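Content type PDB, C-alpha atoms and all ligand atoms, from the file data.pdb:
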```
MODEL        1
ATOM      1  CA  MET L 742      19.618  24.887 -23.809
ATOM      2  CA  HIS L 743      18.360  21.335 -24.405
ATOM      3  CA  LYS L 744      21.937  20.123 -24.967
ATOM      4  CA  LEU L 745      23.103  21.845 -21.804
ATOM      5  CA  LEU L 746      20.357  20.207 -19.765
ATOM      6  CA  ILE L 747      21.218  16.677 -20.862
ATOM      7  CA  SER L 748      24.936  17.095 -20.212
ATOM      8  CA  LYS L 749      26.281  15.037 -17.337
ATOM      9  CA  TRP L 750      28.375  18.069 -16.336
ATOM     10  CA  THR L 751      25.238  20.137 -15.800
ATOM     11  CA  LYS L 752      23.926  17.416 -13.533
ATOM     12  CA  ALA L 753      27.210  17.360 -11.629
ATOM     13  CA  CYS L 754      27.031  21.174 -11.263
ATOM     14  CA  VAL L 755      23.450  21.007  -9.975
ATOM     15  CA  PHE L 756      24.544  18.326  -7.507
ATOM     16  CA  LEU L 757      27.304  20.612  -6.186
ATOM     17  CA  ILE L 758      24.908  23.579  -5.978
ATOM     18  CA  CYS L 759      22.523  21.396  -3.956
ATOM     19  CA  LEU L 760      25.341  20.763  -1.509
ATOM     20  CA  SER L 761      26.016  24.486  -1.054
ATOM     21  CA  PRO L 762      23.718  24.948   2.014
ATOM     22  CA  LEU L 763      25.663  22.174   3.760
ATOM     23  CA  ALA L 764      28.981  23.662   2.627
ATOM     24  CA  ALA L 765      27.882  27.078   3.961
ATOM     25  CA  LEU L 766      27.062  25.501   7.331
ATOM     26  CA  GLY L 767      30.430  23.724   7.389
ATOM     27  CA  TRP L 768      32.225  26.949   6.513
ATOM     28  CA  ARG L 769      30.438  28.840   9.282
ATOM     29  CA  ALA L 770      31.192  26.063  11.759
ATOM     30  CA  LEU L 771      34.901  26.278  10.924
ATOM     31  CA  HIS L 772      34.926  30.080  11.214
ATOM     32  CA  ASN L 773      32.840  30.480  14.369
ATOM     33  CA  GLY L 774      29.949  31.822  12.334
ATOM     34  CA  LEU L 775      27.131  29.772  13.826
ATOM     35  CA  THR L 776      26.005  32.651  16.084
ATOM     36  CA  ALA L 777      25.729  32.503  19.877
ATOM     37  CA  ASN L 778      23.189  29.678  19.541
ATOM     38  CA  PRO L 779      24.677  27.182  17.061
ATOM     39  CA  ILE L 780      22.010  24.503  17.611
ATOM     40  CA  GLU L 781      19.238  26.942  16.785
ATOM     41  CA  TYR L 782      21.190  28.210  13.781
ATOM     42  CA  ILE L 783      21.748  24.689  12.394
ATOM     43  CA  THR L 784      18.116  23.691  13.055
ATOM     44  CA  HIS L 785      16.879  26.752  11.198
ATOM     45  CA  ALA L 786      19.321  26.423   8.292
ATOM     46  CA  THR L 787      18.551  22.723   7.737
ATOM     47  CA  GLY L 788      14.786  23.312   8.133
ATOM     48  CA  ASP L 789      14.923  26.106   5.556
ATOM     49  CA  SER L 790      16.856  23.911   3.129
ATOM     50  CA  THR L 791      14.407  21.015   3.547
ATOM     51  CA  LEU L 792      11.436  23.204   2.699
ATOM     52  CA  ARG L 793      13.224  24.891  -0.197
ATOM     53  CA  PHE L 794      14.213  21.578  -1.779
ATOM     54  CA  ILE L 795      10.657  20.248  -1.441
ATOM     55  CA  LEU L 796       9.500  23.346  -3.323
ATOM     56  CA  PHE L 797      12.274  23.055  -5.960
ATOM     57  CA  THR L 798      11.169  19.455  -6.548
ATOM     58  CA  LEU L 799       7.544  20.524  -6.967
ATOM     59  CA  CYS L 800       8.557  23.313  -9.372
ATOM     60  CA  VAL L 801      10.193  20.941 -11.867
ATOM     61  CA  THR L 802       7.029  19.809 -13.662
ATOM     62  CA  PRO L 803       5.421  23.263 -14.084
ATOM     63  CA  PHE L 804       8.757  24.667 -15.306
ATOM     64  CA  ARG L 805       9.162  21.788 -17.766
ATOM     65  CA  LYS L 806       5.737  22.465 -19.197
ATOM     66  CA  LEU L 807       5.778  26.250 -19.131
ATOM     67  CA  LEU L 808       9.317  26.605 -20.490
ATOM     68  CA  GLY L 809       9.064  23.677 -22.902
ATOM     69  CA  LEU L 810      12.094  21.999 -21.335
ATOM     70  CA  PRO L 811      11.231  18.305 -20.791
ATOM     71  CA  GLU L 812      14.884  17.582 -19.921
ATOM     72  CA  LEU L 813      14.375  19.258 -16.535
ATOM     73  CA  ILE L 814      12.922  15.920 -15.384
ATOM     74  CA  ARG L 815      16.529  14.716 -15.024
ATOM     75  CA  PHE L 816      16.909  16.881 -11.940
ATOM     76  CA  ARG L 817      13.676  16.089 -10.124
ATOM     77  CA  ARG L 818      14.802  12.936  -8.364
ATOM     78  CA  MET L 819      18.039  14.586  -7.278
ATOM     79  CA  LEU L 820      16.178  17.578  -5.848
ATOM     80  CA  GLY L 821      13.712  15.318  -4.032
ATOM     81  CA  LEU L 822      16.514  13.276  -2.510
ATOM     82  CA  PHE L 823      18.234  16.458  -1.378
ATOM     83  CA  ALA L 824      14.972  17.504   0.320
ATOM     84  CA  PHE L 825      15.077  14.194   2.174
ATOM     85  CA  PHE L 826      18.794  14.592   2.919
ATOM     86  CA  TYR L 827      18.325  18.033   4.490
ATOM     87  CA  GLY L 828      15.221  16.720   6.290
ATOM     88  CA  CYS L 829      17.399  13.977   7.814
ATOM     89  CA  LEU L 830      19.993  16.563   8.889
ATOM     90  CA  HIS L 831      17.224  18.734  10.370
ATOM     91  CA  PHE L 832      15.680  15.851  12.289
ATOM     92  CA  THR L 833      19.101  14.573  13.406
ATOM     93  CA  THR L 834      20.015  18.049  14.680
ATOM     94  CA  TYR L 835      16.843  18.033  16.720
ATOM     95  CA  ILE L 836      17.146  14.547  18.250
ATOM     96  CA  TRP L 837      20.926  14.708  18.695
ATOM     97  CA  LEU L 838      21.949  18.289  19.514
ATOM     98  CA  ASP L 839      18.640  19.436  20.982
ATOM     99  CA  LYS L 840      17.377  16.305  22.758
ATOM    100  CA  PHE L 841      20.610  14.284  23.197
ATOM    101  CA  PHE L 842      18.845  11.162  21.914
ATOM    102  CA  ASP L 843      16.353  11.263  24.761
ATOM    103  CA  LEU L 844      13.733   9.451  22.663
ATOM    104  CA  LYS L 845      11.118   9.657  25.406
ATOM    105  CA  GLU L 846      11.465  13.427  25.369
ATOM    106  CA  VAL L 847      11.364  13.482  21.541
ATOM    107  CA  TRP L 848       8.187  11.409  21.507
ATOM    108  CA  LYS L 849       6.609  13.653  24.159
ATOM    109  CA  ASP L 850       7.411  16.652  21.976
ATOM    110  CA  ILE L 851       5.940  15.009  18.871
ATOM    111  CA  ALA L 852       2.753  14.138  20.771
ATOM    112  CA  LYS L 853       2.333  17.435  22.629
ATOM    113  CA  ARG L 854       3.659  20.236  20.428
ATOM    114  CA  PRO L 855       1.539  20.662  17.295
ATOM    115  CA  TYR L 856       4.310  22.294  15.246
ATOM    116  CA  ILE L 857       6.617  19.348  15.978
ATOM    117  CA  THR L 858       3.802  16.852  15.209
ATOM    118  CA  VAL L 859       3.183  18.397  11.819
ATOM    119  CA  GLY L 860       6.933  18.708  11.072
ATOM    120  CA  PHE L 861       7.348  15.056  11.939
ATOM    121  CA  LEU L 862       4.492  14.169   9.584
ATOM    122  CA  ALA L 863       6.150  16.178   6.798
ATOM    123  CA  PHE L 864       9.401  14.307   7.377
ATOM    124  CA  VAL L 865       7.899  10.807   7.705
ATOM    125  CA  LEU L 866       6.042  11.295   4.405
ATOM    126  CA  LEU L 867       9.338  11.881   2.622
ATOM    127  CA  ILE L 868      10.730   8.476   3.678
ATOM    128  CA  PRO L 869       8.669   6.224   1.343
ATOM    129  CA  LEU L 870       9.207   8.723  -1.451
ATOM    130  CA  ALA L 871      12.979   8.556  -1.064
ATOM    131  CA  ILE L 872      12.921   4.748  -0.830
ATOM    132  CA  THR L 873      10.752   4.319  -3.934
ATOM    133  CA  SER L 874      12.546   6.911  -6.039
ATOM    134  CA  THR L 875      14.595   4.340  -7.965
ATOM    135  CA  ALA L 876      13.821   2.953 -11.408
ATOM    136  CA  GLY L 877      13.374  -0.499  -9.854
ATOM    137  CA  TRP L 878      10.644   0.754  -7.514
ATOM    138  CA  ILE L 879       8.857   2.555 -10.336
ATOM    139  CA  GLN L 880       8.695  -0.751 -12.198
ATOM    140  CA  ARG L 881       7.711  -2.728  -9.114
ATOM    141  CA  LEU L 882       4.866  -0.376  -8.155
ATOM    142  CA  GLY L 883       3.707   0.415 -11.668
ATOM    143  CA  GLY L 884       3.417   3.972 -12.963
ATOM    144  CA  ARG L 885      -0.052   4.742 -11.668
ATOM    145  CA  ARG L 886       0.551   3.582  -8.096
ATOM    146  CA  TRP L 887       3.981   5.216  -8.057
ATOM    147  CA  GLN L 888       2.473   8.542  -9.131
ATOM    148  CA  LEU L 889      -0.253   8.266  -6.500
ATOM    149  CA  LEU L 890       2.289   7.574  -3.773
ATOM    150  CA  HIS L 891       4.516  10.428  -4.870
ATOM    151  CA  ARG L 892       1.674  12.917  -4.594
ATOM    152  CA  ALA L 893       2.391  12.689  -0.869
ATOM    153  CA  ILE L 894       5.081  15.301  -1.505
ATOM    154  CA  TYR L 895       2.287  17.883  -1.703
ATOM    155  CA  ILE L 896       1.062  16.848   1.761
ATOM    156  CA  SER L 897       4.646  17.022   2.996
ATOM    157  CA  ALA L 898       4.992  20.532   1.515
ATOM    158  CA  VAL L 899       1.756  21.743   3.143
ATOM    159  CA  ALA L 900       2.736  20.155   6.474
ATOM    160  CA  GLY L 901       6.215  21.748   6.196
ATOM    161  CA  VAL L 902       4.675  25.192   5.673
ATOM    162  CA  ILE L 903       2.254  24.747   8.605
ATOM    163  CA  HIS L 904       5.180  23.570  10.771
ATOM    164  CA  TYR L 905       7.108  26.723   9.874
ATOM    165  CA  TYR L 906       4.085  29.018  10.297
ATOM    166  CA  TRP L 907       3.282  27.604  13.746
ATOM    167  CA  LEU L 908       6.818  27.867  15.066
ATOM    168  CA  VAL L 909       7.500  31.488  14.174
ATOM    169  CA  LYS L 910       6.228  33.971  16.686
ATOM    170  CA  SER L 911       5.837  37.129  14.636
ATOM    171  CA  ALA L 912       7.862  36.908  11.401
ATOM    172  CA  VAL L 913       5.110  35.158   9.451
ATOM    173  CA  LEU L 914       6.017  36.700   6.100
ATOM    174  CA  ARG L 915       8.403  33.926   5.029
ATOM    175  CA  PRO L 916       6.164  30.974   5.927
ATOM    176  CA  LEU L 917       3.280  32.792   4.220
ATOM    177  CA  ALA L 918       5.407  33.278   1.091
ATOM    178  CA  TYR L 919       6.269  29.562   1.071
ATOM    179  CA  GLY L 920       2.557  28.820   1.593
ATOM    180  CA  ALA L 921       1.655  30.986  -1.409
ATOM    181  CA  ILE L 922       4.139  29.075  -3.579
ATOM    182  CA  VAL L 923       2.716  25.708  -2.472
ATOM    183  CA  ALA L 924      -0.836  26.977  -3.110
ATOM    184  CA  ALA L 925       0.149  28.174  -6.607
ATOM    185  CA  LEU L 926       1.767  24.803  -7.385
ATOM    186  CA  LEU L 927      -1.302  22.926  -6.154
ATOM    187  CA  LEU L 928      -3.588  25.153  -8.237
ATOM    188  CA  TRP L 929      -1.411  24.595 -11.279
ATOM    189  CA  ARG L 930      -1.693  20.858 -10.745
ATOM    190  CA  LEU L 931      -5.456  20.981 -10.354
ATOM    191  CA  ALA L 932      -5.786  23.163 -13.455
ATOM    192  CA  ALA L 933      -3.625  20.699 -15.410
ATOM    193  CA  LYS L 934      -5.867  17.857 -14.234
ATOM    194  CA  PHE L 935      -9.005  19.705 -15.331
ATOM    195  CA  ARG L 936      -7.420  20.409 -18.691
ATOM    196  CA  SER L 937      -7.328  16.587 -18.714
ATOM    197  CA  GLN L 938      -3.586  16.190 -18.860
ATOM    198  CA  PRO L 939      -3.266  12.714 -17.433
ATOM    199  CA  ASP L 940       0.420  13.314 -17.037
ATOM    200  CA  ALA L 941       0.428  16.538 -15.037
ATOM    201  CA  GLU L 942       3.038  15.113 -12.683
ATOM    202  CA  GLY L 943       5.545  14.910 -15.515
ATOM    203  CA  ALA L 944       5.574  13.625 -19.030
ATOM    204  CA  ASN L 945       7.700  10.676 -18.132
ATOM    205  CA  PRO L 946       7.784  10.027 -14.429
ATOM    206  CA  VAL L 947       7.037   6.368 -14.701
ATOM    207  CA  LYS L 948       9.721   5.433 -17.155
ATOM    208  CA  PRO L 949      12.831   4.215 -15.412
ATOM    209  CA  GLN L 950      15.572   6.759 -15.811
ATOM    210  CA  PRO L 951      18.857   5.041 -15.119
ATOM    211  CA  GLN L 952      20.785   8.284 -15.607
ATOM    212  CA  ASN L 953      18.907   9.679 -12.597
ATOM    213  CA  SER L 954      19.994   7.029 -10.212
ATOM    214  CA  GLN L 955      23.119   8.663  -8.856
ATOM    215  CA  ALA L 956      21.465  11.566  -7.085
TER     216      ALA L 956
HETATM  217  C1  LIG D1001       9.889  17.901   5.890
HETATM  218  C2  LIG D1001       9.985  18.157   7.182
HETATM  219  C3  LIG D1001      10.334  19.492   7.781
HETATM  220  C4  LIG D1001      10.434  20.736   7.225
HETATM  221  C5  LIG D1001      10.176  21.125   5.780
HETATM  222  C6  LIG D1001      10.839  21.646   8.273
HETATM  223  C7  LIG D1001      11.056  23.000   8.098
HETATM  224  C8  LIG D1001      11.456  23.861   9.095
HETATM  225  C9  LIG D1001      11.668  25.263   8.929
HETATM  226  C10 LIG D1001      11.490  26.006   7.600
HETATM  227  C11 LIG D1001      12.057  25.763  10.116
HETATM  228  C12 LIG D1001      12.343  27.234  10.451
HETATM  229  C13 LIG D1001      13.604  27.717   9.836
HETATM  230  C14 LIG D1001      13.799  29.214  10.057
HETATM  231  O1  LIG D1001      13.354  29.747  11.079
HETATM  232  O2  LIG D1001      14.431  29.829   9.201
HETATM  233  C15 LIG D1001      12.085  24.684  11.062
HETATM  234  C16 LIG D1001      12.425  24.815  12.388
HETATM  235  C17 LIG D1001      12.370  23.794  13.304
HETATM  236  N1  LIG D1001      11.996  22.501  13.055
HETATM  237 FE1  LIG D1001      11.474  21.718  11.269
HETATM  238  N2  LIG D1001      10.957  20.950   9.443
HETATM  239  C18 LIG D1001      10.651  19.632   9.203
HETATM  240  C19 LIG D1001      10.654  18.588  10.090
HETATM  241  C20 LIG D1001      10.929  18.717  11.422
HETATM  242  C21 LIG D1001      10.932  17.625  12.382
HETATM  243  C22 LIG D1001      10.641  16.163  12.034
HETATM  244  C23 LIG D1001      11.250  18.162  13.589
HETATM  245  C24 LIG D1001      11.380  17.493  14.908
HETATM  246  C25 LIG D1001      10.762  16.405  15.263
HETATM  247  C26 LIG D1001      11.462  19.574  13.408
HETATM  248  C27 LIG D1001      11.806  20.463  14.405
HETATM  249  C28 LIG D1001      12.071  21.799  14.242
HETATM  250  C29 LIG D1001      12.513  22.684  15.297
HETATM  251  C30 LIG D1001      12.713  22.314  16.779
HETATM  252  C31 LIG D1001      12.687  23.938  14.714
HETATM  253  C32 LIG D1001      13.139  25.221  15.420
HETATM  254  C33 LIG D1001      12.009  25.796  16.204
HETATM  255  C34 LIG D1001      12.339  27.058  16.961
HETATM  256  O3  LIG D1001      13.038  27.921  16.453
HETATM  257  O4  LIG D1001      11.840  27.195  18.071
HETATM  258  N3  LIG D1001      11.250  19.889  12.091
HETATM  259  N4  LIG D1001      11.709  23.536  10.420
ENDMDL
END
```

How would this structure read if it were set down as structure tokens?
Amino acid sequence: MHKLLISKWTKACVFLICLSPLAALGWRALHNGLTANPIEYITHATGDSTLRFILFTLCVTPFRKLLGLPELIRFRRMLGLFAFFYGCLHFTTYIWLDKFFDLKEVWKDIAKRPYITVGFLAFVLLIPLAITSTAGWIQRLGGRRWQLLHRAIYISAVAGVIHYYWLVKSAVLRPLAYGAIVAALLLWRLAAKFRSQPDAEGANPVKPQPQNSQA
């Protein structure tokens, strides 16, 4: 298992799997499968993917610890960048296909509709994390400050769940399930802190990992 996880082919496979939600959208677009309301379909699909990838990213450290597979760290940056990538697609769908780049209208929405405000917050928080995800930025910021900054992903996850919960009218089961996962991950983190594991975020998040830089 350890050998498999450090193989560059495994990383390439994970990369392709991460692209599958986009490929599925492309496939549907080519085969008239985007339903009668394609904009809504794309917004929902990209929003779902953003939230899922945020959660996948947060799951890496607990899985590494619980399964005894430190090599899983190799995938965390890639998963985080895919969360940002799908977040960009989601936001672009909204400002382009939904609002036709009417930035005044977008801003009005962000200011007036709480679920958009909180979704925007979740997205904006991902930007500094994506920018500082490189080995160079880890060195520039120093491990401690980098870790502190990257805890913002938890706020982004909570904001993402609230965004989802507020926008659904009745089908609250899915956002609640996502909320339960985020709560469990947060509890795990707190428990790890109380067990005085200074490195609950990952055994090696502050060491530059050049092999992770092609996500
Ligand atoms: C990290 C940031 C974000 C996450 C995790 C996220 C997640 C989601 C999710 C899970 C959905 C529902 C998908 C479904 O029904 O299956 C959704 C829908 C939506 N999101 Fe986001 N979102 C984010 C940011 C944003 C931003 C920045 C905007 C716009 C400024 C936005 C606008 C919308 C809209 C308009 C919908 C559809 C609402 C409707 O059906 O009426 N989201 N988002």

Residue nearest His891 (chain L) - candidates L:Lys910, L:His785, L:Lys752, L:Arg817, atoms counted: all atoms listed in the file: L:Arg817

Axis-aligned box for ligand LIG 1001 (chain D), 8 Å per side, centre and edges in Å as lines of an AutoDock Vina configuration file:
```
center_x = 12.2
center_y = 23.0
center_z = 11.9
size_x = 20.5
size_y = 29.7
size_z = 28.3
```

Neighbour list for region 856-866 of chain L as a CSV table (one decimal) with C-alpha atoms, in the frame of the given file, cut-off 7 Å, all atoms listed in the file, skip fewer than 4 positions in-chain:
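Generated file (part-v6.csv):
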```
chain,number,residue,atom,x,y,z
L,828,GLY,CA,15.2,16.7,6.3
L,850,ASP,CA,7.4,16.7,22.0
L,851,ILE,CA,5.9,15.0,18.9
L,852,ALA,CA,2.8,14.1,20.8
L,893,ALA,CA,2.4,12.7,-0.9
L,897,SER,CA,4.6,17.0,3.0
L,898,ALA,CA,5.0,20.5,1.5
L,900,ALA,CA,2.7,20.2,6.5
L,901,GLY,CA,6.2,21.7,6.2
L,904,HIS,CA,5.2,23.6,10.8
L,907,TRP,CA,3.3,27.6,13.7
L,908,LEU,CA,6.8,27.9,15.1
```

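Among the candidates L:Pro779, L:Gly883, L:Gly788, L:Pro869, the one nearest to ligand LIG 1001 (chain D) when counting only C-alpha atoms and all ligand atoms is L:Gly788.
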
Pull the closest atom pair for each residue of region 787-906 of chain L that gets at most 12 Å from region 912-934 of chain L, along with the distance in Å to one decimal, counting all atoms listed in the file, ordering rows by chain and then ascending residue number, as a tab-separated table.
```
residue	atom	partner	partner_atom	distance
L:Gly788	CA	L:Pro916	CA	11.7
L:Asp789	CA	L:Pro916	CA	10.0
L:Leu792	CA	L:Tyr919	CA	8.4
L:Arg793	CA	L:Tyr919	CA	8.5
L:Phe794	CA	L:Tyr919	CA	11.6
L:Ile795	CA	L:Val923	CA	9.7
L:Leu796	CA	L:Val923	CA	7.2
L:Phe797	CA	L:Ile922	CA	10.4
L:Thr798	CA	L:Leu926	CA	10.8
L:Leu799	CA	L:Leu926	CA	7.2
L:Cys800	CA	L:Leu926	CA	7.2
L:Val801	CA	L:Leu926	CA	10.3
L:Thr802	CA	L:Arg930	CA	9.3
L:Pro803	CA	L:Trp929	CA	7.5
L:Phe804	CA	L:Leu926	CA	10.6
L:Lys806	CA	L:Ala933	CA	10.3
L:Leu807	CA	L:Trp929	CA	10.8
L:Arg892	CA	L:Leu927	CA	10.6
L:Ile894	CA	L:Val923	CA	10.7
L:Tyr895	CA	L:Leu927	CA	7.6
L:Ile896	CA	L:Val923	CA	10.0
L:Ser897	CA	L:Val923	CA	10.4
L:Ala898	CA	L:Val923	CA	6.9
L:Val899	CA	L:Val923	CA	6.9
L:Ala900	CA	L:Gly920	CA	9.9
L:Gly901	CA	L:Gly920	CA	9.2
L:Val902	CA	L:Gly920	CA	5.9
L:Ile903	CA	L:Pro916	CA	7.8
L:His904	CA	L:Pro916	CA	8.9
L:Tyr905	CA	L:Pro916	CA	5.9
L:Tyr906	CA	L:Pro916	CA	5.2
```

CA of Pro811 (chain L) to CA of Gly884 (chain L), straight-line distance in Å: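 Separating CA of Gly884 (chain L) from CA of Pro811 (chain L) is a distance of 18.1 Å.
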
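CA of Leu844 (chain L) sits 19.2 Å away from atom C1 of ligand LIG 1001 (chain D).
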
Selection: 8 Å around Leu766 (chain L), all atoms listed in the file, excl. self and same-chain fewer than 3 positions, as an MDAnalysis selection string: chainID L and resid 762:763 769:770 775 783 786

Nearest residue to ligand LIG 1001 (chain D) from the set L:Cys829, L:Ile879, L:Leu889, L:Leu746 (distances using all atoms listed in the file): L:Cys829

Best match for closeness to ligand LIG 1001 (chain D) among L:Thr833, L:Ser874, L:Thr751, L:Thr791, counting only C-alpha atoms and all ligand atoms: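 Nearest to ligand LIG 1001 (chain D): L:Thr791.
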
Expected answer as JSON, numbers by chain: all residues with atoms within 8 Å of (20.9, 24.0, 15.9), all atoms listed in the file: {"L": [778, 779, 780, 781, 782, 783, 784, 785, 834, 835, 838, 839]}

Start from the incomplete input, build N, CA and C atoms for region 786-813 of chain L, and deliver everything as a JSON list (two decimals), keeping the file's coordinate frame.
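Below is the file rebuild.json, written as the result:
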```
[["chain", "number", "residue", "atom", "x", "y", "z"],
["L", 786, "ALA", "N", 18.74, 26.52, 9.64],
["L", 786, "ALA", "CA", 19.32, 26.42, 8.29],
["L", 786, "ALA", "C", 18.89, 25.12, 7.61],
["L", 787, "THR", "N", 18.92, 24.01, 8.35],
["L", 787, "THR", "CA", 18.55, 22.72, 7.74],
["L", 787, "THR", "C", 17.04, 22.67, 7.47],
["L", 788, "GLY", "N", 16.25, 23.27, 8.36],
["L", 788, "GLY", "CA", 14.79, 23.31, 8.13],
["L", 788, "GLY", "C", 14.47, 24.11, 6.88],
["L", 789, "ASP", "N", 15.12, 25.27, 6.76],
["L", 789, "ASP", "CA", 14.92, 26.11, 5.56],
["L", 789, "ASP", "C", 15.26, 25.33, 4.29],
["L", 790, "SER", "N", 16.42, 24.64, 4.32],
["L", 790, "SER", "CA", 16.86, 23.91, 3.13],
["L", 790, "SER", "C", 15.87, 22.80, 2.79],
["L", 791, "THR", "N", 15.36, 22.10, 3.81],
["L", 791, "THR", "CA", 14.41, 21.02, 3.55],
["L", 791, "THR", "C", 13.20, 21.56, 2.79],
["L", 792, "LEU", "N", 12.64, 22.64, 3.32],
["L", 792, "LEU", "CA", 11.44, 23.20, 2.70],
["L", 792, "LEU", "C", 11.73, 23.71, 1.29],
["L", 793, "ARG", "N", 12.88, 24.37, 1.13],
["L", 793, "ARG", "CA", 13.22, 24.89, -0.20],
["L", 793, "ARG", "C", 13.36, 23.77, -1.22],
["L", 794, "PHE", "N", 14.02, 22.67, -0.82],
["L", 794, "PHE", "CA", 14.21, 21.58, -1.78],
["L", 794, "PHE", "C", 12.90, 20.86, -2.11],
["L", 795, "ILE", "N", 11.98, 20.82, -1.12],
["L", 795, "ILE", "CA", 10.66, 20.25, -1.44],
["L", 795, "ILE", "C", 10.01, 21.12, -2.53],
["L", 796, "LEU", "N", 10.11, 22.44, -2.34],
["L", 796, "LEU", "CA", 9.50, 23.35, -3.32],
["L", 796, "LEU", "C", 10.20, 23.26, -4.68],
["L", 797, "PHE", "N", 11.54, 23.18, -4.68],
["L", 797, "PHE", "CA", 12.27, 23.06, -5.96],
["L", 797, "PHE", "C", 11.78, 21.81, -6.71],
["L", 798, "THR", "N", 11.60, 20.71, -5.93],
["L", 798, "THR", "CA", 11.17, 19.45, -6.55],
["L", 798, "THR", "C", 9.79, 19.64, -7.19],
["L", 799, "LEU", "N", 8.91, 20.31, -6.45],
["L", 799, "LEU", "CA", 7.54, 20.52, -6.97],
["L", 799, "LEU", "C", 7.52, 21.48, -8.17],
["L", 800, "CYS", "N", 8.53, 22.33, -8.26],
["L", 800, "CYS", "CA", 8.56, 23.31, -9.37],
["L", 800, "CYS", "C", 8.98, 22.68, -10.69],
["L", 801, "VAL", "N", 9.61, 21.50, -10.64],
["L", 801, "VAL", "CA", 10.19, 20.94, -11.87],
["L", 801, "VAL", "C", 9.14, 20.75, -12.96],
["L", 802, "THR", "N", 8.02, 20.11, -12.62],
["L", 802, "THR", "CA", 7.03, 19.81, -13.66],
["L", 802, "THR", "C", 6.41, 21.08, -14.27],
["L", 803, "PRO", "N", 5.95, 22.04, -13.45],
["L", 803, "PRO", "CA", 5.42, 23.26, -14.08],
["L", 803, "PRO", "C", 6.46, 23.96, -14.96],
["L", 804, "PHE", "N", 7.71, 24.01, -14.51],
["L", 804, "PHE", "CA", 8.76, 24.67, -15.31],
["L", 804, "PHE", "C", 9.00, 23.92, -16.62],
["L", 805, "ARG", "N", 8.97, 22.58, -16.54],
["L", 805, "ARG", "CA", 9.16, 21.79, -17.77],
["L", 805, "ARG", "C", 8.10, 22.15, -18.79],
["L", 806, "LYS", "N", 6.86, 22.22, -18.28],
["L", 806, "LYS", "CA", 5.74, 22.46, -19.20],
["L", 806, "LYS", "C", 5.75, 23.90, -19.70],
["L", 807, "LEU", "N", 5.90, 24.84, -18.75],
["L", 807, "LEU", "CA", 5.78, 26.25, -19.13],
["L", 807, "LEU", "C", 6.95, 26.71, -19.99],
["L", 808, "LEU", "N", 8.15, 26.17, -19.72],
["L", 808, "LEU", "CA", 9.32, 26.60, -20.49],
["L", 808, "LEU", "C", 9.60, 25.70, -21.68],
["L", 809, "GLY", "N", 8.83, 24.62, -21.80],
["L", 809, "GLY", "CA", 9.06, 23.68, -22.90],
["L", 809, "GLY", "C", 10.42, 23.00, -22.79],
["L", 810, "LEU", "N", 10.79, 22.64, -21.55],
["L", 810, "LEU", "CA", 12.09, 22.00, -21.34],
["L", 810, "LEU", "C", 11.91, 20.64, -20.64],
["L", 811, "PRO", "N", 11.49, 19.62, -21.40],
["L", 811, "PRO", "CA", 11.23, 18.30, -20.79],
["L", 811, "PRO", "C", 12.45, 17.73, -20.08],
["L", 812, "GLU", "N", 13.65, 18.15, -20.51],
["L", 812, "GLU", "CA", 14.88, 17.58, -19.92],
["L", 812, "GLU", "C", 15.04, 17.91, -18.44],
["L", 813, "LEU", "N", 14.26, 18.90, -17.96],
["L", 813, "LEU", "CA", 14.38, 19.26, -16.54],
["L", 813, "LEU", "C", 14.04, 18.09, -15.62]]
```
